[in-house]
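Pasting structure15.tsv here (TSV, C-alpha atoms and all ligand atoms):
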```tsv
chain	number	residue	atom	x	y	z
A	1	MET	CA	9.26	-11.30	0.18
A	2	THR	CA	11.61	-8.75	1.79
A	3	LYS	CA	10.28	-5.80	3.80
A	4	THR	CA	11.44	-3.40	1.05
A	5	GLU	CA	9.64	-5.43	-1.64
A	6	SER	CA	6.37	-5.55	0.31
A	7	PHE	CA	6.61	-1.80	1.03
A	8	GLN	CA	7.15	-1.14	-2.70
A	9	LEU	CA	4.14	-3.31	-3.61
A	10	GLU	CA	1.96	-1.41	-1.13
A	11	PHE	CA	3.15	1.89	-2.61
A	12	GLU	CA	2.37	0.68	-6.16
A	13	GLN	CA	-1.11	-0.52	-5.13
A	14	HIS	CA	-1.75	2.87	-3.49
A	15	VAL	CA	-0.74	4.72	-6.69
A	16	GLN	CA	-2.97	2.45	-8.77
A	17	ASP	CA	-5.94	3.07	-6.42
A	18	GLY	CA	-5.31	6.78	-5.89
A	19	LEU	CA	-4.82	7.84	-9.49
A	20	THR	CA	-7.74	5.80	-10.87
A	21	ALA	CA	-10.12	7.15	-8.18
A	22	PHE	CA	-12.36	10.18	-8.68
A	23	PRO	CA	-11.30	12.60	-7.32
A	24	LYS	CA	-7.65	11.51	-7.44
A	25	PHE	CA	-5.53	11.16	-4.31
A	26	LEU	CA	-2.03	10.13	-3.16
A	27	SER	CA	-0.94	9.88	0.47
A	28	SER	CA	1.60	12.33	1.84
A	29	LYS	CA	3.35	9.49	3.67
A	30	TYR	CA	4.97	8.64	0.32
A	31	ILE	CA	6.53	12.10	0.02
A	32	TYR	CA	9.28	11.04	2.42
A	33	ASP	CA	12.35	9.62	0.67
A	34	ASP	CA	15.91	11.11	0.82
A	35	ARG	CA	14.78	14.22	-1.08
A	36	GLY	CA	11.43	14.45	0.74
A	37	ASP	CA	13.20	14.28	4.12
A	38	GLN	CA	15.57	17.08	3.09
A	39	LEU	CA	12.70	19.24	1.83
A	40	PHE	CA	10.82	18.70	5.10
A	41	GLN	CA	13.92	19.89	7.00
A	42	GLN	CA	13.85	23.04	4.85
A	43	ILE	CA	10.14	23.47	5.68
A	44	MET	CA	10.89	23.24	9.41
A	45	ALA	CA	13.36	26.12	9.01
A	46	LEU	CA	10.82	28.38	7.24
A	47	PRO	CA	9.62	31.40	9.25
A	48	GLU	CA	6.01	30.55	8.26
A	49	TYR	CA	6.23	26.98	9.62
A	50	TYR	CA	5.65	27.84	13.30
A	51	LEU	CA	5.00	24.23	14.41
A	52	THR	CA	8.62	23.18	14.95
A	53	ASN	CA	9.68	26.15	17.07
A	54	ALA	CA	6.49	25.98	19.10
A	55	GLU	CA	6.94	22.32	20.00
A	56	TYR	CA	10.68	22.86	20.53
A	57	ASN	CA	9.73	25.53	23.07
A	58	ILE	CA	7.45	23.07	24.92
A	59	ILE	CA	10.06	20.31	25.11
A	60	ASP	CA	12.88	22.64	26.07
A	61	GLN	CA	10.77	24.31	28.75
A	62	TYR	CA	9.35	21.11	30.27
A	63	LYS	CA	12.21	18.65	29.68
A	64	GLY	CA	12.90	18.31	33.44
A	65	GLU	CA	9.25	17.59	34.19
A	66	LEU	CA	9.03	15.16	31.26
A	67	LYS	CA	12.11	13.33	32.55
A	68	SER	CA	10.43	12.87	35.96
A	69	LEU	CA	7.18	11.72	34.34
A	70	PHE	CA	8.86	9.25	31.96
A	71	GLU	CA	11.58	7.67	34.11
A	72	ASN	CA	10.82	4.33	35.70
A	73	GLN	CA	12.79	2.29	38.21
A	74	ASN	CA	12.67	-0.70	35.82
A	75	GLY	CA	13.93	1.39	32.91
A	76	PHE	CA	11.72	2.05	29.88
A	77	ASP	CA	11.51	2.05	26.09
A	78	LEU	CA	11.04	5.46	24.46
A	79	ILE	CA	9.29	4.66	21.18
A	80	GLU	CA	8.92	7.50	18.69
A	81	LEU	CA	6.50	7.09	15.77
A	82	GLY	CA	7.36	9.16	12.65
A	83	ALA	CA	10.58	10.48	14.20
A	84	GLY	CA	11.94	12.38	11.17
A	85	ASP	CA	15.25	14.08	12.00
A	86	GLY	CA	14.50	14.04	15.75
A	87	LYS	CA	15.40	17.72	16.12
A	88	LYS	CA	13.09	18.25	19.10
A	89	THR	CA	13.45	14.74	20.52
A	90	LYS	CA	17.21	15.31	20.86
A	91	VAL	CA	16.52	17.96	23.54
A	92	LEU	CA	14.65	15.36	25.57
A	93	LEU	CA	17.19	12.61	24.86
A	94	GLU	CA	20.03	14.85	26.10
A	95	GLU	CA	18.10	15.58	29.30
A	96	LEU	CA	17.50	11.87	29.93
A	97	VAL	CA	21.10	10.85	29.16
A	98	GLN	CA	22.64	13.66	31.25
A	99	ASN	CA	20.56	12.47	34.22
A	100	ASN	CA	21.58	8.81	33.72
A	101	VAL	CA	18.01	7.68	33.11
A	102	ASP	CA	17.82	4.00	32.09
A	103	PHE	CA	16.03	3.83	28.72
A	104	THR	CA	16.29	2.67	25.11
A	105	TYR	CA	15.31	4.97	22.25
A	106	LYS	CA	13.37	3.28	19.42
A	107	PRO	CA	12.67	5.73	16.58
A	108	ILE	CA	10.36	4.47	13.84
A	109	ASP	CA	9.81	6.10	10.47
A	110	ILE	CA	8.49	5.15	7.04
A	111	SER	CA	11.70	6.64	5.59
A	112	GLN	CA	14.81	4.43	5.89
A	113	HIS	CA	16.88	7.52	5.11
A	114	ALA	CA	15.41	9.37	8.13
A	115	ILE	CA	16.18	6.43	10.44
A	116	ASP	CA	19.77	6.12	9.13
A	117	GLU	CA	20.48	9.85	9.47
A	118	LEU	CA	18.97	10.04	12.96
A	119	THR	CA	20.84	6.96	14.20
A	120	ASN	CA	24.16	8.24	12.78
A	121	SER	CA	23.76	11.71	14.24
A	122	LEU	CA	22.95	10.25	17.68
A	123	THR	CA	26.12	8.13	17.62
A	124	THR	CA	28.09	11.39	17.65
A	125	LEU	CA	25.78	13.48	19.85
A	126	LEU	CA	25.00	10.87	22.53
A	127	PRO	CA	27.44	7.95	22.13
A	128	ASP	CA	26.18	6.21	25.30
A	129	LEU	CA	22.55	6.16	24.17
A	130	ASP	CA	21.07	2.80	23.16
A	131	VAL	CA	19.31	3.51	19.82
A	132	GLN	CA	17.27	0.84	18.03
A	133	GLY	CA	15.81	2.50	14.93
A	134	GLU	CA	13.39	0.76	12.59
A	135	GLN	CA	11.89	1.52	9.19
A	136	GLY	CA	8.14	0.90	9.09
A	137	THR	CA	4.67	2.40	8.99
A	138	TYR	CA	2.80	3.29	12.20
A	139	PHE	CA	0.23	0.55	11.91
A	140	LYS	CA	2.67	-2.24	11.00
A	141	VAL	CA	5.05	-1.34	13.81
A	142	LEU	CA	2.28	-0.96	16.39
A	143	GLU	CA	1.14	-4.54	15.72
A	144	LYS	CA	4.64	-5.61	16.74
A	145	ILE	CA	4.97	-3.26	19.72
A	146	ALA	CA	1.85	-4.80	21.27
A	147	THR	CA	3.73	-8.11	21.52
A	148	TYR	CA	6.76	-6.82	23.44
A	149	ASN	CA	5.43	-5.73	26.78
A	150	LYS	CA	8.73	-6.38	28.53
A	151	ARG	CA	9.60	-2.91	29.81
A	152	PRO	CA	7.34	0.06	30.48
A	153	LYS	CA	6.82	2.16	27.35
A	154	VAL	CA	6.61	5.85	26.61
A	155	ILE	CA	5.30	6.36	23.07
A	156	ILE	CA	5.89	9.80	21.58
A	157	VAL	CA	4.49	11.26	18.38
A	158	LEU	CA	5.71	14.80	17.72
A	159	GLY	CA	5.13	17.42	15.01
A	160	SER	CA	1.35	16.88	14.96
A	161	ASN	CA	1.93	13.83	12.74
A	162	ILE	CA	-1.57	12.70	13.79
A	163	GLY	CA	-2.93	15.68	11.82
A	164	ASN	CA	-2.19	13.80	8.59
A	165	LEU	CA	-5.01	11.43	9.53
A	166	SER	CA	-8.78	11.98	9.26
A	167	HIS	CA	-10.59	11.82	12.63
A	168	LYS	CA	-11.68	8.25	11.86
A	169	GLU	CA	-8.12	7.20	11.01
A	170	ALA	CA	-6.82	9.09	14.08
A	171	ILE	CA	-9.19	7.09	16.31
A	172	ASP	CA	-7.94	3.83	14.71
A	173	PHE	CA	-4.36	5.00	15.26
A	174	LEU	CA	-4.93	6.01	18.90
A	175	ASN	CA	-6.88	2.82	19.54
A	176	GLN	CA	-4.02	0.74	18.21
A	177	ILE	CA	-1.56	2.66	20.39
A	178	GLN	CA	-3.86	2.18	23.40
A	179	HIS	CA	-4.02	-1.60	22.76
A	180	SER	CA	-0.21	-1.75	22.74
A	181	MET	CA	-0.05	0.05	26.14
A	182	SER	CA	-0.17	-1.35	29.65
A	183	SER	CA	-1.65	0.66	32.54
A	184	GLU	CA	1.72	2.26	33.46
A	185	ASP	CA	2.69	3.19	29.88
A	186	LEU	CA	2.41	6.76	28.62
A	187	LEU	CA	1.63	8.43	25.32
A	188	PHE	CA	3.00	11.95	24.66
A	189	MET	CA	1.60	13.42	21.46
A	190	GLY	CA	1.69	16.82	19.70
A	191	PHE	CA	-1.53	18.37	18.33
A	192	ASP	CA	-1.34	21.63	16.38
A	193	GLN	CA	-4.07	23.99	17.60
A	194	LYS	CA	-6.76	25.96	15.77
A	195	LYS	CA	-5.64	29.59	15.43
A	196	ASN	CA	-5.79	32.55	13.03
A	197	PRO	CA	-6.58	30.81	9.71
A	198	LEU	CA	-4.05	32.97	7.88
A	199	THR	CA	-1.22	31.74	10.11
A	200	ILE	CA	-2.16	28.16	9.21
A	201	GLN	CA	-2.67	28.90	5.51
A	202	ASN	CA	0.76	30.55	5.31
A	203	ALA	CA	2.49	27.68	7.12
A	204	TYR	CA	1.52	25.33	4.27
A	205	ALA	CA	1.91	27.76	1.36
A	206	ASP	CA	5.24	29.49	1.90
A	207	LYS	CA	6.40	32.25	-0.44
A	208	THR	CA	9.67	30.56	-1.42
A	209	GLY	CA	7.93	27.48	-2.85
A	210	VAL	CA	9.65	24.85	-0.66
A	211	THR	CA	6.26	23.35	0.26
A	212	GLN	CA	5.40	23.12	-3.45
A	213	GLU	CA	8.62	21.18	-4.08
A	214	PHE	CA	7.88	18.96	-1.07
A	215	ASN	CA	4.40	18.13	-2.42
A	216	ARG	CA	5.73	17.63	-5.96
A	217	ASN	CA	8.22	15.08	-4.61
A	218	LEU	CA	5.42	12.51	-4.86
A	219	LEU	CA	5.49	12.91	-8.64
A	220	HIS	CA	9.31	12.85	-8.73
A	221	ARG	CA	9.16	9.54	-6.86
A	222	LEU	CA	6.67	8.10	-9.37
A	223	ASN	CA	8.94	9.19	-12.25
A	224	LYS	CA	11.99	7.66	-10.56
A	225	GLU	CA	10.58	4.52	-8.95
A	226	MET	CA	7.74	3.60	-11.31
A	227	ASN	CA	9.11	4.90	-14.58
A	228	ALA	CA	6.35	7.51	-14.96
A	229	ASP	CA	6.55	10.56	-17.22
A	230	PHE	CA	4.93	13.36	-15.15
A	231	ASP	CA	5.90	16.84	-16.30
A	232	VAL	CA	6.27	17.77	-12.63
A	233	ASN	CA	6.45	21.53	-13.17
A	234	SER	CA	2.99	21.57	-14.71
A	235	PHE	CA	1.50	20.51	-11.35
A	236	GLU	CA	1.13	23.34	-8.83
A	237	HIS	CA	0.78	23.15	-5.08
A	238	TRP	CA	-2.58	24.38	-3.71
A	239	GLU	CA	-3.45	24.79	-0.04
A	240	ALA	CA	-6.91	25.35	1.44
A	241	TYR	CA	-7.61	25.71	5.18
A	242	ASP	CA	-11.20	25.41	6.39
A	243	PRO	CA	-11.47	27.05	9.83
A	244	GLU	CA	-14.81	25.36	10.50
A	245	SER	CA	-13.54	21.77	10.26
A	246	GLY	CA	-9.96	22.74	11.19
A	247	THR	CA	-8.66	20.87	8.16
A	248	ALA	CA	-5.87	22.19	5.92
A	249	LYS	CA	-5.81	20.30	2.62
A	250	SER	CA	-2.92	20.14	0.14
A	251	TYR	CA	-3.39	19.41	-3.52
A	252	LEU	CA	-1.36	19.08	-6.69
A	253	LEU	CA	-3.21	20.91	-9.43
A	254	ALA	CA	-2.75	20.09	-13.14
A	255	THR	CA	-2.24	23.44	-14.86
A	256	GLN	CA	-2.76	21.88	-18.29
A	257	GLU	CA	-4.56	18.88	-19.74
A	258	CYS	CA	-2.14	15.95	-19.99
A	259	ASP	CA	-1.71	12.19	-20.23
A	260	VAL	CA	0.75	10.42	-17.99
A	261	HIS	CA	2.08	6.90	-18.50
A	262	ILE	CA	3.26	5.01	-15.39
A	263	LYS	CA	5.16	2.29	-17.19
A	264	LYS	CA	5.91	0.04	-14.21
A	265	LEU	CA	2.16	-0.23	-13.49
A	266	ASP	CA	1.21	-0.27	-17.16
A	267	LEU	CA	-1.19	2.55	-16.28
A	268	LYS	CA	-2.24	5.55	-18.38
A	269	ILE	CA	-3.83	8.47	-16.50
A	270	HIS	CA	-5.59	11.45	-18.02
A	271	PHE	CA	-5.65	14.84	-16.26
A	272	ASN	CA	-8.07	17.58	-17.23
A	273	LYS	CA	-6.84	21.15	-16.88
A	274	TRP	CA	-7.24	22.19	-13.18
A	275	GLU	CA	-7.86	18.61	-12.06
A	276	THR	CA	-6.57	17.88	-8.53
A	277	ILE	CA	-4.62	15.18	-6.74
A	278	HIS	CA	-5.40	15.46	-3.02
A	279	THR	CA	-2.13	14.71	-1.21
A	280	GLU	CA	-2.28	15.73	2.43
A	281	ILE	CA	-4.47	16.83	5.30
A	282	SER	CA	-3.08	18.74	8.29
A	283	GLN	CA	-5.83	18.67	10.89
A	284	LYS	CA	-5.96	21.39	13.58
A	285	TYR	CA	-7.39	20.74	17.04
A	286	ASP	CA	-8.65	22.20	20.31
A	287	ASP	CA	-8.94	20.56	23.76
A	288	LEU	CA	-12.51	19.40	23.13
A	289	ILE	CA	-11.58	17.55	19.93
A	290	VAL	CA	-8.53	15.92	21.56
A	291	GLU	CA	-10.67	14.88	24.55
A	292	TRP	CA	-13.22	13.36	22.17
A	293	LEU	CA	-10.51	11.49	20.22
A	294	ALA	CA	-9.00	10.19	23.47
A	295	ASN	CA	-12.38	9.10	24.79
A	296	GLU	CA	-13.22	7.24	21.57
A	297	SER	CA	-9.88	5.41	21.82
A	298	GLY	CA	-9.87	4.28	25.45
A	299	LEU	CA	-7.33	6.93	26.50
A	300	GLU	CA	-7.50	9.81	28.98
A	301	ILE	CA	-5.61	13.08	29.07
A	302	ASN	CA	-3.32	13.36	32.09
A	303	GLN	CA	-1.58	16.63	31.40
A	304	ILE	CA	-1.41	19.34	28.74
A	305	PHE	CA	1.72	21.31	27.78
A	306	GLU	CA	1.50	24.52	25.74
A	307	ASP	CA	4.18	26.72	24.10
A	308	ASN	CA	4.72	30.35	25.13
A	309	ASN	CA	2.98	31.72	22.04
A	310	LYS	CA	-0.07	29.46	22.53
A	311	LEU	CA	0.16	27.89	19.09
A	312	PHE	CA	0.73	24.20	19.82
A	313	LYS	CA	0.03	21.63	22.56
A	314	ASP	CA	1.49	18.30	23.60
A	315	TYR	CA	-0.85	16.01	25.53
A	316	LEU	CA	0.15	13.26	27.93
A	317	PHE	CA	-2.25	10.30	27.81
A	318	LYS	CA	-2.74	7.15	29.86
A	319	LYS	CA	-4.92	4.14	29.23
A	320	LYS	CA	-8.41	4.69	30.69
B	401	LIG	C1	5.69	16.00	9.49
B	401	LIG	S1	7.11	14.97	9.68
B	401	LIG	C2	7.44	15.20	11.42
B	401	LIG	C3	8.71	14.58	11.89
B	401	LIG	C4	8.94	14.65	13.40
B	401	LIG	N1	7.91	13.92	14.14
B	401	LIG	C5	8.97	16.08	13.86
B	401	LIG	O1	8.12	16.47	14.67
B	401	LIG	O2	9.85	16.82	13.42
B	401	LIG	C6	6.36	13.38	9.59
B	401	LIG	C7	7.32	12.19	9.73
B	401	LIG	O3	6.56	11.00	9.86
B	401	LIG	C8	6.97	10.04	8.90
B	401	LIG	N2	5.74	9.33	8.50
B	401	LIG	C9	4.69	9.84	7.79
B	401	LIG	N3	3.73	8.92	7.66
B	401	LIG	C10	4.18	7.80	8.31
B	401	LIG	C11	3.63	6.52	8.55
B	401	LIG	N4	2.41	6.19	8.08
B	401	LIG	N5	4.36	5.63	9.26
B	401	LIG	C12	5.59	5.96	9.76
B	401	LIG	N6	6.17	7.17	9.54
B	401	LIG	C13	5.48	8.08	8.85
B	401	LIG	C14	7.63	10.82	7.78
B	401	LIG	O4	8.61	10.05	7.09
B	401	LIG	C15	8.24	12.00	8.53
B	401	LIG	O5	9.56	11.73	8.96
```

Written form, structure tokens:
Amino acid sequence: MTKTESFQLEFEQHVQDGLTAFPKFLSSKYIYDDRGDQLFQQIMALPEYYLTNAEYNIIDQYKGELKSLFENQNGFDLIELGAGDGKKTKVLLEELVQNNVDFTYKPIDISQHAIDELTNSLTTLLPDLDVQGEQGTYFKVLEKIATYNKRPKVIIVLGSNIGNLSHKEAIDFLNQIQHSMSSEDLLFMGFDQKKNPLTIQNAYADKTGVTQEFNRNLLHRLNKEMNADFDVNSFEHWEAYDPESGTAKSYLLATQECDVHIKKLDLKIHFNKWETIHTEISQKYDDLIVEWLANESGLEINQIFEDNNKLFKDYLFKKK
């Protein structure tokens, strides 16, 4: 079975499980195809979506220090999990290339389109950079990374991607990263911070409706790839941030009772009016939670970097 076929089977199994569960769910990782990637780029440009500018500010401000922390006399592999369009990473890559640092950049993303676009854009921007992109999910790729301990590694995960995981899943994720690391390897990871709840609520429920289209892309994909007949416009985006748990949750909400047929899976699904499909969590953190997650995963925090507006933090971890 090819990698694409096994990915498609996994996706189909997820849809079968998620839409027959009560309450219904679908994972946001399946939002990202060509259209999903483009919609996420539009989200990053929204004034409400502060995360990108905040982390850009951190990387731009500390790129010299990060270069010194990452570079290694034996060279190193810079592995990025969930790289997306690499907008912020490019600032760091430019700094490393301009200073003749010996490294290979290995971006990994579930979206083949994201990997292709990023690799192509880097060919023009940094023609001397060695880029080895790969399509895959975090967990699958980490199993492989653990087996190639040839050069020192710096693993980076930007954009608070970890926030799409529950705390339990985040510990599994961090644990798996930790197992793939040797004592000199580093992990540099972004964690969006708890803040005014309204700022967070607005970041995931913009006025122009781009986030709604992004969330609805899951249903577009099911129509396109599994021959489903969702009336996509009758599902509305709903966002709810709970400041106590620090969890922002995204839903698709059926605004009318309907039956949907997913022909490829031979599956008929009924939706009651106002029934939900839970699609995404975006967890928010503070230092205590990150310390707890690190501790549970055999990691320790070495350094913390914060943006000028105190909205976002990147943490540098080592193996304990
Ligand atoms: C919120 S975007 C952030 C992109 C980038 N890290 C940034 O900071 O701009 C999340 C990215 O992770 C990818 N992604 C989501 N879930 C993934 C998974 N389980 N495995 C690999 N990539 C994943 C998506 O395709 C998307 O490009």

Output as JSON the centre and edge lengths (Å, one decimal) of the box along x, y and z of the file that holds every listed atom of ligand LIG 401 (chain B) after adding 8 Å on each side.
```
{"center_x": 6.1, "center_y": 11.2, "center_z": 10.9, "size_x": 23.4, "size_y": 27.2, "size_z": 23.6}
```

Q) Which neighbours of Glu296 (chain A) fall inside 12 Å, counting all atoms listed in the file, when residues of the same chain fewer than 5 positions from it are skipped, and could you give them as a list in words? A)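 Once the adjacent positions are removed, what remains is His167, Lys168, Glu169, Ala170, Ile171, Asp172, Phe173, Leu174, Asn175, Gln176, Gln178, Ile289, Val290, Glu291, Lys319 and Lys320 of chain A.
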
Take the residues from that selection and write them out as an mmCIF file, in the frame of the given file, keeping C-alpha atoms.
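Output saved as selection-v2.cif:
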```cif
data_model
loop_
_atom_site.group_PDB
_atom_site.id
_atom_site.type_symbol
_atom_site.label_atom_id
_atom_site.label_comp_id
_atom_site.auth_asym_id
_atom_site.auth_seq_id
_atom_site.Cartn_x
_atom_site.Cartn_y
_atom_site.Cartn_z
ATOM 1 C CA HIS A 167 -10.590 11.820 12.630
ATOM 2 C CA LYS A 168 -11.680 8.250 11.860
ATOM 3 C CA GLU A 169 -8.120 7.200 11.010
ATOM 4 C CA ALA A 170 -6.820 9.090 14.080
ATOM 5 C CA ILE A 171 -9.190 7.090 16.310
ATOM 6 C CA ASP A 172 -7.940 3.830 14.710
ATOM 7 C CA PHE A 173 -4.360 5.000 15.260
ATOM 8 C CA LEU A 174 -4.930 6.010 18.900
ATOM 9 C CA ASN A 175 -6.880 2.820 19.540
ATOM 10 C CA GLN A 176 -4.020 0.740 18.210
ATOM 11 C CA GLN A 178 -3.860 2.180 23.400
ATOM 12 C CA ILE A 289 -11.580 17.550 19.930
ATOM 13 C CA VAL A 290 -8.530 15.920 21.560
ATOM 14 C CA GLU A 291 -10.670 14.880 24.550
ATOM 15 C CA LYS A 319 -4.920 4.140 29.230
ATOM 16 C CA LYS A 320 -8.410 4.690 30.690
#
```

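Distances here use all atoms listed in the file; by that measure, the residue among A:Asn161, A:Asn215, A:Asn196, A:Thr247 closest to Asp314 (chain A) is A:Asn161.
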
Q: Return as a ChimeraX atom specification every polymer residue, whether protein, DNA or RNA, with at least one atom no more than 9 Å from an atom of ligand LIG 401 (chain B); count all atoms listed in the file.
A: /A:27-33,36-37,40-41,44,51-52,55,80-89,108-115,135-141,156-164,190

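With all atoms listed in the file as the atoms that count, the minimum distance from Gln13 (chain A) to the choices A:Ala146, A:Ala45, A:Val232, A:Leu267 is reached by A:Leu267.
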
Return as a Markdown table the residues of region 81-173 of chain A lying at most 9 Å from region 60-76 of chain A, together with the closest atom-to-atom pair for each and the distance in Å to one decimal, counting only C-alpha atoms, with rows in chain order and ascending residue number.
```
| residue | atom | partner | partner_atom | distance |
| --- | --- | --- | --- | --- |
| A:Lys88 | CA | A:Asp60 | CA | 8.2 |
| A:Val91 | CA | A:Asp60 | CA | 6.4 |
| A:Leu92 | CA | A:Lys63 | CA | 5.8 |
| A:Glu95 | CA | A:Lys63 | CA | 6.7 |
| A:Leu96 | CA | A:Lys67 | CA | 6.2 |
| A:Asn99 | CA | A:Lys67 | CA | 8.7 |
| A:Val101 | CA | A:Glu71 | CA | 6.5 |
| A:Asp102 | CA | A:Gly75 | CA | 4.8 |
| A:Phe103 | CA | A:Phe76 | CA | 4.8 |
| A:Thr104 | CA | A:Phe76 | CA | 6.6 |
| A:Tyr105 | CA | A:Phe76 | CA | 8.9 |
| A:Arg151 | CA | A:Phe76 | CA | 5.4 |
| A:Pro152 | CA | A:Phe76 | CA | 4.8 |
| A:Lys153 | CA | A:Phe76 | CA | 5.5 |
| A:Val154 | CA | A:Phe70 | CA | 6.7 |
```

Can you write just those residues out, C-alpha atoms, as a tab-separated table (two decimals), keeping the file's coordinate frame?
```tsv
chain	number	residue	atom	x	y	z
A	88	LYS	CA	13.09	18.25	19.10
A	91	VAL	CA	16.52	17.96	23.54
A	92	LEU	CA	14.65	15.36	25.57
A	95	GLU	CA	18.10	15.58	29.30
A	96	LEU	CA	17.50	11.87	29.93
A	99	ASN	CA	20.56	12.47	34.22
A	101	VAL	CA	18.01	7.68	33.11
A	102	ASP	CA	17.82	4.00	32.09
A	103	PHE	CA	16.03	3.83	28.72
A	104	THR	CA	16.29	2.67	25.11
A	105	TYR	CA	15.31	4.97	22.25
A	151	ARG	CA	9.60	-2.91	29.81
A	152	PRO	CA	7.34	0.06	30.48
A	153	LYS	CA	6.82	2.16	27.35
A	154	VAL	CA	6.61	5.85	26.61
```

Q: For Tyr285 (chain A), list every protein, DNA or RNA residue within 7 Å, evaluated using all atoms listed in the file, and leave out those in the same chain fewer than 6 positions away; present the list as a VMD selection string.
A: chain A and resid 191 to 194 246

Q | Contacts of Asn302 (chain A) at 10 Å (all atoms listed in the file; same-chain gap of 5+ positions) as a PyMOL selection string | A | chain A and resi 186-188+315-319

Q) Between CA of Phe271 (chain A) and CA of Glu257 (chain A), what is the spacing in Å? A)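 Going from CA of Glu257 (chain A) over to CA of Phe271 (chain A), I get 5.4 Å.
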
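Note that CA of Gln42 (chain A) and CA of Lys284 (chain A) are 21.7 Å apart.
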
Q) Nearest to Glu48 (chain A) among A:Lys207, A:His14, A:Lys24, A:His220, with distances taken over all atoms listed in the file: which residue is it? A)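 Result for the nearest residue to Glu48 (chain A): A:Lys207.
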
**Q.** Nearest to Ala240 (chain A), chosen from A:Ala203, A:Glu213, A:His270, A:Asn53, with all atoms listed in the file counted in the distances
**A.**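 Of all the options, A:Ala203 lies closest to Ala240 (chain A).
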
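One distance worth recording is that between CA of Asn227 (chain A) and CA of Glu239 (chain A), which is 27.7 Å.
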
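Ranking A:Asn217, A:Gln283, A:Ser250, A:Thr255 by their shortest atom-to-atom distance to Ser234 (chain A), with only C-alpha atoms included, puts A:Thr255 first.
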
Q.
Measuring between only C-alpha atoms, which one of A:Tyr204, A:Trp292, A:Phe214, A:Phe11 shows the shortest distance to Trp238 (chain A)?
A.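 Checking each candidate against Trp238 (chain A), we get A:Tyr204 as the closest.
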
Q: Write out as a PyMOL selection string each polymer residue whose atoms come within 10 Å of Asp206 (chain A), counting all atoms listed in the file; drop sequence neighbours fewer than 6 positions from it.
A: chain A and resi 43+46-49+212

Selection file, C-alpha atoms, as a PDB file, in the coordinates of the input:
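Output (selection.pdb):
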```
ATOM      1  CA  ILE A  43      10.140  23.470   5.680  1.00  0.00           C
ATOM      2  CA  LEU A  46      10.820  28.380   7.240  1.00  0.00           C
ATOM      3  CA  PRO A  47       9.620  31.400   9.250  1.00  0.00           C
ATOM      4  CA  GLU A  48       6.010  30.550   8.260  1.00  0.00           C
ATOM      5  CA  TYR A  49       6.230  26.980   9.620  1.00  0.00           C
ATOM      6  CA  GLN A 212       5.400  23.120  -3.450  1.00  0.00           C
TER       7      GLN A 212
END
```

Completion step: region 26-34 of chain A with N, CA, C and O atoms as a short mmCIF file (atom, residue, chain, number, x, y, z; two decimals), in the frame of the given file:
```cif
data_model
loop_
_atom_site.label_atom_id
_atom_site.label_comp_id
_atom_site.auth_asym_id
_atom_site.auth_seq_id
_atom_site.Cartn_x
_atom_site.Cartn_y
_atom_site.Cartn_z
N LEU A 26 -3.28 10.86 -3.47
CA LEU A 26 -2.03 10.13 -3.16
C LEU A 26 -1.69 10.50 -1.72
O LEU A 26 -1.86 11.66 -1.33
N SER A 27 -1.19 9.56 -0.94
CA SER A 27 -0.94 9.88 0.47
C SER A 27 0.40 10.57 0.67
O SER A 27 1.43 10.17 0.10
N SER A 28 0.38 11.58 1.57
CA SER A 28 1.60 12.33 1.84
C SER A 28 2.68 11.47 2.49
O SER A 28 3.84 11.85 2.51
N LYS A 29 2.30 10.30 3.03
CA LYS A 29 3.35 9.49 3.67
C LYS A 29 4.38 9.04 2.64
O LYS A 29 5.51 8.71 3.01
N TYR A 30 4.00 9.05 1.35
CA TYR A 30 4.97 8.64 0.32
C TYR A 30 5.83 9.80 -0.18
O TYR A 30 6.62 9.63 -1.10
N ILE A 31 5.66 10.98 0.40
CA ILE A 31 6.53 12.10 0.02
C ILE A 31 7.95 11.86 0.56
O ILE A 31 8.94 12.30 0.00
N TYR A 32 8.01 11.12 1.68
CA TYR A 32 9.28 11.04 2.42
C TYR A 32 10.23 9.98 1.88
O TYR A 32 10.11 8.80 2.20
N ASP A 33 11.16 10.41 1.00
CA ASP A 33 12.35 9.62 0.67
C ASP A 33 13.53 10.55 0.99
O ASP A 33 13.34 11.56 1.68
N ASP A 34 14.74 10.27 0.49
CA ASP A 34 15.91 11.11 0.82
C ASP A 34 15.61 12.58 0.54
O ASP A 34 15.82 13.46 1.37
#
```
